[in-house]
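Visitor: This is the content of entry_6.cif (mmCIF, C-alpha atoms):
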```
data_target
loop_
_atom_site.label_atom_id
_atom_site.label_comp_id
_atom_site.auth_asym_id
_atom_site.auth_seq_id
_atom_site.Cartn_x
_atom_site.Cartn_y
_atom_site.Cartn_z
CA MET A 481 16.91 -56.74 5.13
CA LYS A 482 16.46 -53.53 3.13
CA PRO A 483 19.49 -52.32 1.26
CA PRO A 484 21.08 -49.10 2.59
CA VAL A 485 20.24 -47.19 -0.60
CA PHE A 486 16.55 -47.85 0.07
CA LYS A 487 16.84 -46.29 3.52
CA ARG A 488 18.72 -43.32 2.14
CA ALA A 489 16.07 -42.78 -0.52
CA LEU A 490 13.33 -42.96 2.10
CA LEU A 491 15.15 -40.39 4.23
CA MET A 492 15.67 -38.15 1.21
CA ALA A 493 12.00 -38.50 0.28
CA PHE A 494 10.98 -37.61 3.83
CA LEU A 495 13.18 -34.51 3.85
CA ILE A 496 12.00 -33.38 0.42
CA LEU A 497 8.35 -33.77 1.33
CA PHE A 498 8.31 -32.43 4.86
CA GLY A 499 11.32 -30.10 4.89
CA CYS A 500 13.46 -29.69 7.94
CA THR A 501 14.33 -27.28 10.71
CA LEU A 502 17.72 -25.64 10.57
CA GLN A 503 19.48 -23.15 12.76
CA HIS A 504 21.60 -20.59 11.00
CA ILE A 505 24.52 -19.16 12.91
CA PRO A 506 25.53 -16.08 10.94
CA GLY A 507 29.10 -15.49 9.88
CA GLU A 508 30.88 -12.17 10.00
CA GLN A 509 31.42 -10.36 6.72
CA GLN A 510 33.97 -7.66 6.03
CA ILE A 511 32.55 -4.17 5.71
CA ASP A 512 33.47 -2.36 2.53
CA PRO A 513 35.00 0.96 3.69
CA SER A 514 33.39 2.77 0.75
CA ARG A 515 29.99 2.13 2.31
CA LEU A 516 30.85 4.17 5.39
CA PRO A 517 30.97 7.96 5.54
CA PRO A 518 34.11 9.62 6.94
CA PHE A 519 33.80 10.13 10.70
CA ASN A 520 36.09 10.72 13.66
CA PRO A 521 34.66 9.41 16.90
CA ILE A 522 35.86 11.14 20.02
CA GLY A 523 36.41 9.14 23.20
CA PRO A 524 35.51 5.56 24.08
CA VAL A 525 32.07 4.06 23.38
CA LYS A 526 30.07 1.38 25.12
CA LEU A 527 28.15 -0.98 22.83
CA THR A 528 25.24 -2.79 24.43
CA ASN A 529 23.18 -5.66 23.12
CA ALA A 530 19.66 -4.45 23.93
CA GLN A 531 17.93 -7.60 22.70
CA ASP A 532 16.82 -9.23 25.96
CA SER A 533 15.32 -12.35 24.49
CA SER A 534 17.71 -15.17 23.76
CA GLU A 535 15.01 -17.56 22.55
CA ASN A 536 15.17 -18.98 19.06
CA VAL A 537 12.51 -17.60 16.77
CA SER A 538 11.02 -19.97 14.23
CA LEU A 539 10.95 -18.61 10.71
CA SER A 540 9.04 -20.43 7.98
CA THR A 541 10.30 -20.27 4.47
CA VAL A 542 9.93 -22.48 1.42
CA GLY A 543 11.11 -26.01 2.15
CA LEU A 544 12.49 -25.37 5.60
CA THR A 545 11.92 -23.85 8.98
CA LEU A 546 14.74 -21.67 10.18
CA LEU A 547 15.57 -20.96 13.80
CA VAL A 548 17.02 -17.50 14.30
CA ASN A 549 18.32 -15.96 17.48
CA TYR A 550 17.93 -12.19 17.55
CA ARG A 551 20.29 -11.81 20.50
CA ASP A 552 23.11 -13.70 18.76
CA TYR A 553 22.51 -11.80 15.53
CA THR A 554 22.63 -8.49 17.41
CA GLN A 555 25.88 -9.59 19.03
CA LEU A 556 27.40 -10.24 15.61
CA ALA A 557 26.30 -6.79 14.38
CA ILE A 558 27.88 -5.29 17.52
CA LYS A 559 31.09 -7.16 16.75
CA SER A 560 31.19 -5.60 13.26
CA LEU A 561 30.37 -2.20 14.75
CA LYS A 562 33.13 -2.56 17.35
CA SER A 563 35.62 -3.49 14.66
CA GLU A 564 34.75 -0.40 12.58
CA LEU A 565 34.83 1.96 15.57
CA GLU A 566 38.25 0.65 16.54
CA LYS A 567 39.48 1.14 12.97
CA HIS A 568 38.38 4.76 13.29
CA GLY A 569 40.36 5.19 16.50
CA SER A 570 37.64 4.79 19.10
CA ALA A 571 38.00 2.36 22.00
CA VAL A 572 35.02 0.19 22.89
CA LEU A 573 34.84 -0.08 26.68
CA GLU A 574 32.26 -1.22 29.20
CA SER A 575 32.87 1.87 31.31
CA ALA A 576 32.63 4.44 28.49
CA PRO A 577 30.35 7.44 29.07
CA LYS A 578 28.91 7.25 25.55
CA GLU A 579 26.61 4.35 24.87
CA ILE A 580 24.99 2.84 21.81
CA ARG A 581 22.30 0.26 22.48
CA LEU A 582 21.40 -1.98 19.56
CA ALA A 583 18.67 -4.60 19.17
CA ILE A 584 17.59 -6.62 16.18
CA VAL A 585 13.84 -6.90 16.65
CA ASP A 586 12.57 -8.60 13.53
CA LEU A 587 13.87 -10.74 10.70
CA LYS A 588 11.91 -11.82 7.66
CA LEU A 589 13.11 -14.01 4.84
CA LEU A 590 11.35 -13.41 1.54
CA PRO A 591 11.68 -16.17 -1.05
CA LEU A 592 12.09 -14.59 -4.48
CA SER A 593 12.32 -16.40 -7.84
CA ILE A 594 15.88 -17.63 -7.57
CA SER A 595 17.09 -15.82 -4.50
CA HIS A 596 16.23 -14.85 -0.93
CA LYS A 597 15.81 -11.40 0.50
CA CYS A 598 16.44 -10.98 4.21
CA ILE A 599 14.89 -7.92 5.84
CA ILE A 600 16.10 -7.10 9.35
CA ASN A 601 14.57 -4.40 11.51
CA TYR A 602 16.61 -3.05 14.36
CA THR A 603 16.39 -0.34 16.95
CA VAL A 604 19.31 1.82 17.97
CA VAL A 605 19.34 4.03 21.07
CA THR A 606 22.13 6.43 21.99
CA GLY A 607 23.12 7.64 25.44
CA ASP A 608 21.64 11.08 24.80
CA GLY A 609 18.14 9.70 24.24
CA TYR A 610 18.01 9.36 20.47
CA VAL A 611 15.86 6.38 19.43
CA GLN A 612 15.58 5.24 15.84
CA GLY A 613 14.32 2.19 13.98
CA HIS A 614 16.10 1.12 10.83
CA GLU A 615 15.92 -1.61 8.25
CA ALA A 616 18.79 -3.63 6.78
CA ILE A 617 18.43 -5.78 3.69
CA GLY A 618 20.55 -8.61 2.33
CA GLU A 619 19.85 -10.50 -0.88
CA SER A 620 21.47 -13.62 -2.25
CA TRP A 621 20.64 -16.93 -3.89
CA SER A 622 21.66 -18.51 -0.58
CA TYR A 623 19.51 -17.70 2.43
CA GLN A 624 22.57 -17.94 4.69
CA VAL A 625 24.45 -15.29 2.71
CA ALA A 626 21.30 -13.13 2.57
CA ILE A 627 21.08 -13.22 6.38
CA ASP A 628 24.81 -12.61 6.88
CA THR A 629 24.70 -9.66 4.49
CA ALA A 630 21.69 -8.16 6.25
CA VAL A 631 23.37 -8.51 9.67
CA THR A 632 26.48 -6.78 8.31
CA ASN A 633 24.25 -4.07 6.86
CA VAL A 634 22.92 -3.43 10.36
CA ALA A 635 26.36 -2.21 11.43
CA ILE A 636 26.70 -0.20 8.21
CA GLY A 637 23.26 1.33 8.79
CA VAL A 638 24.18 2.44 12.33
CA LEU A 639 27.31 4.16 11.05
CA ASN A 640 25.37 5.89 8.28
CA ASP A 641 22.93 7.52 10.67
CA GLU A 642 24.00 11.18 10.83
CA ARG A 643 22.51 11.68 14.28
CA ILE A 644 24.58 8.77 15.65
CA LEU A 645 27.74 10.04 13.97
CA ASP A 646 27.15 13.47 15.54
CA TYR A 647 26.85 11.76 18.92
CA LEU A 648 30.10 9.85 18.38
CA GLU A 649 31.95 12.97 17.24
CA LYS A 650 30.85 15.07 20.23
CA MET B 813 36.54 -43.64 -22.89
CA THR B 814 36.80 -42.42 -19.30
CA TRP B 815 33.88 -42.54 -16.90
CA VAL B 816 33.42 -41.34 -13.39
CA HIS B 817 36.36 -41.61 -11.03
CA GLY B 818 38.64 -42.43 -13.93
CA MET B 819 37.04 -45.85 -14.42
CA THR B 820 36.68 -47.06 -18.00
CA GLU B 821 33.44 -48.40 -19.32
CA LYS B 822 34.87 -51.87 -19.68
CA ASP B 823 36.43 -51.87 -16.19
CA GLY B 824 33.21 -50.60 -14.68
CA ARG B 825 31.18 -53.45 -16.09
CA LYS B 826 33.85 -55.97 -15.19
CA ASN B 827 34.02 -54.74 -11.59
CA ASP B 828 30.28 -54.61 -11.13
CA PRO B 829 28.90 -58.04 -10.13
CA ILE B 830 25.31 -56.95 -10.75
CA ALA B 831 26.17 -55.70 -14.19
CA GLN B 832 27.77 -59.04 -15.03
CA ARG B 833 24.48 -60.79 -14.25
CA THR B 834 22.44 -58.28 -16.23
CA PRO B 835 21.58 -59.33 -19.77
CA CYS B 836 21.02 -55.76 -20.84
CA SER B 837 22.66 -54.25 -23.81
CA GLY B 838 23.10 -50.84 -25.27
CA ARG B 839 24.89 -47.71 -24.19
CA LEU B 840 22.46 -46.65 -21.44
CA ALA B 841 22.57 -50.04 -19.80
CA ARG B 842 26.34 -49.97 -19.88
CA ILE B 843 26.30 -46.56 -18.26
CA ALA B 844 24.01 -47.94 -15.58
CA SER B 845 26.14 -50.90 -14.84
CA CYS B 846 29.37 -48.96 -15.13
CA ARG B 847 28.24 -46.39 -12.58
CA ASN B 848 26.81 -49.16 -10.42
CA ASN B 849 23.49 -47.35 -10.31
CA ALA B 850 21.01 -49.87 -8.99
CA PHE B 851 18.12 -47.54 -9.70
CA PHE B 852 18.55 -47.94 -13.44
CA ARG B 853 17.42 -51.51 -13.07
CA SER B 854 14.41 -50.81 -10.87
CA GLY B 855 10.73 -50.99 -11.89
CA PHE B 856 9.37 -48.17 -14.02
CA VAL B 857 12.80 -46.84 -14.92
CA CYS B 858 13.49 -50.17 -16.61
CA SER B 859 10.08 -50.14 -18.25
CA PHE B 860 10.74 -46.67 -19.54
CA PHE B 861 14.05 -47.61 -21.11
CA HIS B 862 12.58 -50.80 -22.48
CA SER B 863 9.48 -49.26 -24.03
CA VAL B 864 10.82 -45.92 -25.16
CA LEU B 865 14.45 -46.54 -25.92
CA GLY B 866 14.32 -50.20 -26.67
CA HIS B 867 16.89 -51.11 -24.02
CA ARG B 868 16.17 -54.19 -22.02
CA LEU B 869 16.94 -53.81 -18.32
CA ASN B 870 16.21 -56.23 -15.53
CA PRO B 871 13.70 -54.90 -12.99
CA ALA B 872 15.31 -55.32 -9.60
CA PRO B 873 13.31 -55.33 -6.40
CA MET B 874 15.01 -52.17 -5.27
CA ARG B 875 12.66 -49.22 -5.70
CA ALA B 876 14.73 -46.52 -4.11
CA PHE B 877 15.00 -44.37 -7.18
CA GLU B 878 11.30 -44.59 -7.83
CA ILE B 879 10.54 -43.42 -4.32
CA PHE B 880 13.00 -40.60 -4.77
CA LEU B 881 11.40 -39.56 -8.07
CA VAL B 882 7.92 -39.64 -6.57
CA ALA B 883 9.12 -37.55 -3.62
CA LEU B 884 10.82 -35.13 -5.98
CA TRP B 885 7.67 -34.82 -8.05
CA ALA B 886 5.60 -34.33 -4.89
CA SER B 887 8.00 -31.69 -3.61
CA ILE B 888 7.79 -29.78 -6.91
CA VAL B 889 4.00 -29.93 -6.80
CA CYS B 890 3.95 -28.98 -3.11
CA SER B 891 6.40 -26.10 -3.56
CA SER B 892 4.34 -24.82 -6.47
CA CYS B 893 1.39 -24.41 -4.15
CA ALA B 894 3.35 -23.36 -1.07
CA ALA B 895 1.99 -20.58 1.05
CA HIS B 896 2.85 -19.29 4.47
CA LEU B 897 1.93 -16.38 6.66
CA THR B 898 4.03 -15.14 9.56
CA SER B 899 3.38 -12.19 11.80
CA SER B 900 4.86 -10.62 14.90
CA VAL B 901 3.87 -7.79 17.19
CA ALA B 902 6.27 -6.06 19.56
CA PRO B 903 5.64 -6.60 23.28
CA ASN B 904 3.33 -4.06 24.95
CA VAL B 905 1.97 -2.80 21.64
CA ASP B 906 -1.81 -2.62 21.29
CA VAL B 907 -2.38 -2.57 17.55
CA ALA B 908 -6.14 -2.31 18.03
CA ALA B 909 -5.61 1.18 19.44
CA PHE B 910 -4.24 2.51 16.16
CA LYS B 911 -6.91 4.45 14.27
CA THR B 912 -4.99 6.71 11.88
CA PHE B 913 -2.55 5.20 9.42
CA TYR B 914 -0.18 6.71 6.91
CA ILE B 915 1.12 4.42 4.18
CA VAL B 916 4.60 5.32 2.95
CA GLN B 917 4.71 4.65 -0.77
CA SER B 918 7.46 2.24 -1.71
CA ASP B 919 9.76 3.44 -4.48
CA ALA B 920 9.74 -0.07 -5.94
CA ASP B 921 5.95 -0.33 -6.02
CA THR B 922 4.77 -0.52 -9.64
CA HIS B 923 1.40 -2.11 -8.86
CA GLU B 924 -0.06 0.54 -6.54
CA VAL B 925 -0.06 -1.75 -3.53
CA TYR B 926 -0.39 1.30 -1.26
CA LYS B 927 -3.93 1.80 -2.63
CA ILE B 928 -4.80 -1.81 -1.86
CA ILE B 929 -3.53 -1.42 1.72
CA GLN B 930 -5.42 1.83 2.09
CA GLY B 931 -8.61 0.15 0.87
CA GLU B 932 -8.20 -2.70 3.35
CA LEU B 933 -7.55 -0.36 6.27
CA THR B 934 -10.57 1.75 5.32
CA ARG B 935 -12.65 -1.42 5.17
CA ARG B 936 -11.67 -1.95 8.83
CA SER B 937 -12.92 1.56 9.70
CA ARG B 938 -9.39 2.92 10.04
CA LYS B 939 -8.44 6.28 8.61
CA ALA B 940 -5.68 5.73 6.07
CA SER B 941 -3.78 8.04 3.77
CA PHE B 942 -0.66 7.56 1.71
CA GLY B 943 2.25 9.52 0.32
CA PRO B 944 6.04 9.75 0.35
CA ARG B 945 8.07 9.47 3.54
CA SER B 946 8.90 13.16 3.45
CA THR B 947 5.28 14.21 4.04
CA ILE B 948 4.25 12.13 7.07
CA PRO B 949 1.47 14.05 8.85
CA ASN B 950 1.92 14.81 12.55
CA GLU B 951 -1.40 13.41 13.68
CA VAL B 952 -1.01 9.79 12.49
CA ASP B 953 -0.90 6.98 15.04
CA VAL B 954 1.25 4.69 12.95
CA ILE B 955 3.03 4.59 9.63
CA VAL B 956 2.79 1.61 7.32
CA THR B 957 5.69 0.44 5.18
CA TYR B 958 5.65 -2.56 2.88
CA HIS B 959 7.66 -4.72 0.53
CA ASP B 960 5.96 -6.37 -2.41
CA TYR B 961 7.45 -8.82 -4.83
CA TRP B 962 5.68 -9.86 -8.02
CA HIS B 963 6.34 -12.63 -10.46
CA TRP B 964 5.19 -13.38 -13.98
CA ASP B 965 3.41 -16.66 -14.68
CA MET B 966 0.80 -16.17 -17.43
CA GLY B 967 0.13 -12.87 -15.71
CA TRP B 968 1.57 -10.91 -12.81
CA TYR B 969 0.90 -12.31 -9.37
CA LEU B 970 1.98 -11.18 -5.93
CA VAL B 971 4.50 -13.60 -4.42
CA ASP B 972 5.54 -11.83 -1.21
CA LEU B 973 3.79 -9.09 0.69
CA LEU B 974 5.43 -7.80 3.85
CA ILE B 975 3.56 -5.10 5.76
CA GLN B 976 5.17 -3.29 8.70
CA LEU B 977 3.68 -0.89 11.23
CA ARG B 978 6.09 1.70 12.64
CA ASN B 979 6.17 4.44 15.19
CA PRO B 980 5.77 7.71 13.23
CA GLN B 981 8.29 9.57 15.39
CA THR B 982 11.07 7.01 15.75
CA ASN B 983 10.44 4.62 12.85
CA VAL B 984 10.72 1.75 15.36
CA LEU B 985 8.98 -1.43 14.18
CA LEU B 986 5.77 -2.18 16.08
CA ALA B 987 4.37 -5.08 14.09
CA SER B 988 4.98 -6.93 10.85
CA ALA B 989 3.48 -9.72 8.81
CA LEU B 990 4.61 -11.54 5.71
CA SER B 991 2.55 -13.56 3.29
CA TYR B 992 4.22 -15.78 0.72
CA ARG B 993 2.23 -17.44 -2.00
CA SER B 994 3.74 -19.33 -4.91
CA SER B 995 2.22 -19.65 -8.36
CA LEU B 996 -0.47 -22.29 -7.77
CA ALA B 997 -1.42 -20.85 -4.38
CA SER B 998 -1.51 -17.25 -5.54
CA LYS B 999 -4.39 -15.05 -4.50
CA ASP B 1000 -5.74 -11.72 -5.55
CA PRO B 1001 -3.47 -8.97 -4.09
CA VAL B 1002 -6.47 -7.54 -2.23
CA LEU B 1003 -7.02 -10.87 -0.47
CA MET B 1004 -3.31 -11.16 0.31
CA ALA B 1005 -3.27 -7.67 1.83
CA ARG B 1006 -6.37 -8.65 3.78
CA GLU B 1007 -4.82 -11.80 5.25
CA VAL B 1008 -1.63 -9.92 6.15
CA LEU B 1009 -3.52 -7.11 7.88
CA ASP B 1010 -5.82 -9.65 9.53
CA SER B 1011 -2.81 -11.33 11.10
CA ILE B 1012 -1.56 -8.01 12.50
CA LEU B 1013 -4.81 -6.31 13.46
CA LYS B 1014 -6.71 -9.40 14.68
#
```
With the file now loaded, output its structure as structure tokens.

Guide:
Amino acid sequence: MKPPVFKRALLMAFLILFGCTLQHIPGEQQIDPSRLPPFNPIGPVKLTNAQDSSENVSLSTVGLTLLVNYRDYTQLAIKSLKSELEKHGSAVLESAPKEIRLAIVDLKLLPLSISHKCIINYTVVTGDGYVQGHEAIGESWSYQVAIDTAVTNVAIGVLNDERILDYLEK
Amino acid sequence: MTWVHGMTEKDGRKNDPIAQRTPCSGRLARIASCRNNAFFRSGFVCSFFHSVLGHRLNPAPMRAFEIFLVALWASIVCSSCAAHLTSSVAPNVDVAAFKTFYIVQSDADTHEVYKIIQGELTRRSRKASFGPRSTIPNEVDVIVTYHDYWHWDMGWYLVDLLIQLRNPQTNVLLASALSYRSSLASKDPVLMAREVLDSILK
């Protein structure tokens, strides 16, 4: 009978050599108020997750394969957005006449020397027909933090778009 | 002297039945037995201590640490020559229909990657120009943005190249591809740009 340490070493060797597949569920980060411009939204807003696909997307990076879910990530960005809009006095309602549709459409994880850079592309559409693609970037030594930062930066990016702020302040 | 978990060197050896059977001597051997590290007594680790440091350790049949070291070495070698290429195209986008490209120069680009991309697009019989974001011509089919990351290892080499195709009016992402190549797997930047564009425009 092989000793347990032998089995553990074999498992460790297997993981080191062949990597593994992980699913990252992003965590919400607090938005620094200094990163948002002053704005006063008028009336309630409807926030819609426009990412239809709920399939996990496989993302290869050094040493591991990461499963990311664009729909879940968009939902987290919407949660941050909702929180900021409510802080600024706007209600987020399903029946609101104003609508912001948000969809994370692409996520890439770039391995750097000692850190990871996460680049998220997202599309935002307002109720008055404005369509715009943006990019949000997060960088950290931990790929999880890099992704979480980039998702938070999606919400920050939406609220830094002057055209969207004009729409909210109408 | 206090060792791990508050255990003294003497206690560690006394509590370790394997260490009591081991006729090894010297500080390293005591550390091994005190920490109950079986791997210190396995094959080439023992030989190493015996030949280099003069410590005599009993080779045990357990080779777990050796396997771990070999795997670690293999992983370092493998990660040094790691390379991967990922690409994605938005649904209902026909990238083959794009004929006129405008490459938006990246502010962080210090290696003139925009010229490499332009050369590769021209090689594919596409019309390509470049410049800052503020001067995007009206007649282009698609704008190209990119992220490049370089590293120094006896010379600069391109580690990551991410190329994105966007709608010139809305900036919405239409397609993207990323190539990662570590030191031993590095390629000429022209070839990396080629493989990235190949994966998008195939």

Visitor: Rounded to one decimal, what separation in Å do you get between atom CA of A:Glu619 and atom CA of A:Ile584?

Guide: 17.6 Å

Visitor: Using all atoms listed in the file and a distance of at most 7 Å, pull out the residues of chain B that contact chain A, as an MDAnalysis selection string.

Guide: chainID B and resid 876:877 879:880 883:884 886:887 972 982:985

Visitor: Generate the output file for the selected residues, C-alpha atoms, as a PDB file, keeping the file's coordinate frame.

Guide:
```pdb
ATOM      1  CA  ALA B 876      14.730 -46.520  -4.110  1.00  0.00           C
ATOM      2  CA  PHE B 877      15.000 -44.370  -7.180  1.00  0.00           C
ATOM      3  CA  ILE B 879      10.540 -43.420  -4.320  1.00  0.00           C
ATOM      4  CA  PHE B 880      13.000 -40.600  -4.770  1.00  0.00           C
ATOM      5  CA  ALA B 883       9.120 -37.550  -3.620  1.00  0.00           C
ATOM      6  CA  LEU B 884      10.820 -35.130  -5.980  1.00  0.00           C
ATOM      7  CA  ALA B 886       5.600 -34.330  -4.890  1.00  0.00           C
ATOM      8  CA  SER B 887       8.000 -31.690  -3.610  1.00  0.00           C
ATOM      9  CA  ASP B 972       5.540 -11.830  -1.210  1.00  0.00           C
ATOM     10  CA  THR B 982      11.070   7.010  15.750  1.00  0.00           C
ATOM     11  CA  ASN B 983      10.440   4.620  12.850  1.00  0.00           C
ATOM     12  CA  VAL B 984      10.720   1.750  15.360  1.00  0.00           C
ATOM     13  CA  LEU B 985       8.980  -1.430  14.180  1.00  0.00           C
TER      14      LEU B 985
END
```

Visitor: Using all atoms listed in the file, pick whichever of A:Val537, A:Tyr550, A:Ser570, A:Ile627 has the shortest atom-to-atom distance to A:Gly507.

Guide: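 Looking only at the distances to A:Gly507, the closest residue turns out to be A:Ile627.
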
Visitor: Around (38.0, 2.9, 23.1) in the file's own coordinates, what residues are found within 9 Å if you use all atoms listed in the file, given back as a PyMOL selection string?

Guide: chain A and resi 523-526+565-566+569-573+576

Visitor: Can you give me, as JSON, numbers by chain, the residues this file yields under the PyMOL selection byres ((chain B and resi 936) around 12)?

Guide: {"B": [908, 910, 911, 912, 913, 929, 930, 931, 932, 933, 934, 935, 937, 938, 939, 940, 1006, 1009, 1010, 1013, 1014]}

Visitor: How far is it from atom CA of A:Lys578 to atom CA of A:Lys650, in Å with one decimal?

Guide: 9.7 Å

Visitor: What is the atom CA of B:Ala902-atom CA of A:Tyr647 distance in Å, reported with one decimal?

Guide: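 Computing it gives 27.2 Å between the two atoms.
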
Visitor: Which one is closest to B:Pro903: B:Pro949, B:His959, B:Leu986, B:Gln981? Count only C-alpha atoms.

Guide: B:Leu986

Visitor: Do a neighbour search on A:Leu502 at 10 Å with all atoms listed in the file, toss out local chain neighbours closer than 6 positions, and write the hits as a VMD selection string.

Guide: chain A and resid 538 to 539 544 to 548

Visitor: Suppose we keep C-alpha atoms; can you now write the selection as a PDB file, in the coordinates of the input?

Guide:
```
ATOM      1  CA  SER A 538      11.020 -19.970  14.230  1.00  0.00           C
ATOM      2  CA  LEU A 539      10.950 -18.610  10.710  1.00  0.00           C
ATOM      3  CA  LEU A 544      12.490 -25.370   5.600  1.00  0.00           C
ATOM      4  CA  THR A 545      11.920 -23.850   8.980  1.00  0.00           C
ATOM      5  CA  LEU A 546      14.740 -21.670  10.180  1.00  0.00           C
ATOM      6  CA  LEU A 547      15.570 -20.960  13.800  1.00  0.00           C
ATOM      7  CA  VAL A 548      17.020 -17.500  14.300  1.00  0.00           C
TER       8      VAL A 548
END
```

Visitor: Which residues are near B:Glu1007? Cut-off 12 Å, only C-alpha atoms, ignore same chain within fewer than 6 positions. Put them as a ChimeraX atom specification.

Guide: /B:895-899,929,932-933,973-975,989-993,999-1001,1013-1014

Visitor: Name the closest residue to B:Val907 among the candidates B:Ala987, B:Ala997, B:Val1002, B:Val1008; distances are taken between atoms, counting only C-alpha atoms.

Guide: B:Ala987

Visitor: Restricting the calculation to only C-alpha atoms, which member of A:Asp641, A:Glu564, A:Glu579, A:Asp628 is positioned closest to A:Val605?

Guide: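 Closest to A:Val605 of all the choices is A:Glu579.
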
Visitor: With only C-alpha atoms as the basis for distance, which of B:Ser994, B:Arg978, B:Thr957, B:Ser900 is at the shortest distance from B:Ile1012?

Guide: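 Checking each of B:Ser994, B:Arg978, B:Thr957, B:Ser900 against B:Ile1012, counting only C-alpha atoms, the winner is B:Ser900.
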
Visitor: Nearest to A:His596 among B:Pro980, B:Ser995, B:Tyr961, B:Ser988, with distances taken over only C-alpha atoms: which residue is it?

Guide: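 Under the stated criterion, the closest residue is B:Tyr961.
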
Visitor: Would you list the residues near (33.5, -13.7, 8.5) (no more than 12 Å away, in the coordinates of the file, using only C-alpha atoms) as a list in words?

Guide: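 Selection result: Ile505, Pro506, Gly507, Glu508, Gln509, Gln510, Ile511, Leu556, Ala557, Lys559, Ser560, Val625, Asp628, Thr629, Val631 and Thr632 of chain A.
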
Visitor: Restore N, CA and C atoms in stretch 598-612 of chain A and list the result as a compact mmCIF listing (two decimals), in the frame of the given file.

Guide:
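Dumped to out_28.txt:
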```
# COMPACT_ATOMS: atom_id res chain seq x y z
N CYS A 598 16.57 -11.01 2.75
CA CYS A 598 16.44 -10.98 4.21
C CYS A 598 16.24 -9.53 4.63
N ILE A 599 15.17 -9.27 5.37
CA ILE A 599 14.89 -7.92 5.84
C ILE A 599 14.95 -7.92 7.37
N ILE A 600 15.92 -7.18 7.89
CA ILE A 600 16.10 -7.10 9.35
C ILE A 600 15.68 -5.71 9.82
N ASN A 601 14.90 -5.67 10.87
CA ASN A 601 14.57 -4.40 11.51
C ASN A 601 15.29 -4.34 12.84
N TYR A 602 15.87 -3.20 13.11
CA TYR A 602 16.61 -3.05 14.36
C TYR A 602 16.37 -1.67 14.95
N THR A 603 16.58 -1.59 16.24
CA THR A 603 16.39 -0.34 16.95
C THR A 603 17.73 0.06 17.56
N VAL A 604 18.06 1.32 17.40
CA VAL A 604 19.31 1.82 17.97
C VAL A 604 18.97 3.01 18.89
N VAL A 605 19.58 2.99 20.06
CA VAL A 605 19.34 4.03 21.07
C VAL A 605 20.71 4.55 21.53
N THR A 606 20.85 5.86 21.52
CA THR A 606 22.13 6.43 21.99
C THR A 606 21.98 6.95 23.41
N GLY A 607 23.11 7.19 24.03
CA GLY A 607 23.12 7.64 25.44
C GLY A 607 22.43 8.96 25.66
N ASP A 608 22.30 9.78 24.63
CA ASP A 608 21.64 11.08 24.80
C ASP A 608 20.15 11.04 24.47
N GLY A 609 19.59 9.84 24.38
CA GLY A 609 18.14 9.70 24.24
C GLY A 609 17.61 9.60 22.82
N TYR A 610 18.46 9.50 21.86
CA TYR A 610 18.01 9.36 20.47
C TYR A 610 17.59 7.90 20.22
N VAL A 611 16.39 7.72 19.72
CA VAL A 611 15.86 6.38 19.43
C VAL A 611 15.47 6.33 17.96
N GLN A 612 15.92 5.32 17.26
CA GLN A 612 15.58 5.24 15.84
C GLN A 612 15.46 3.79 15.39
```
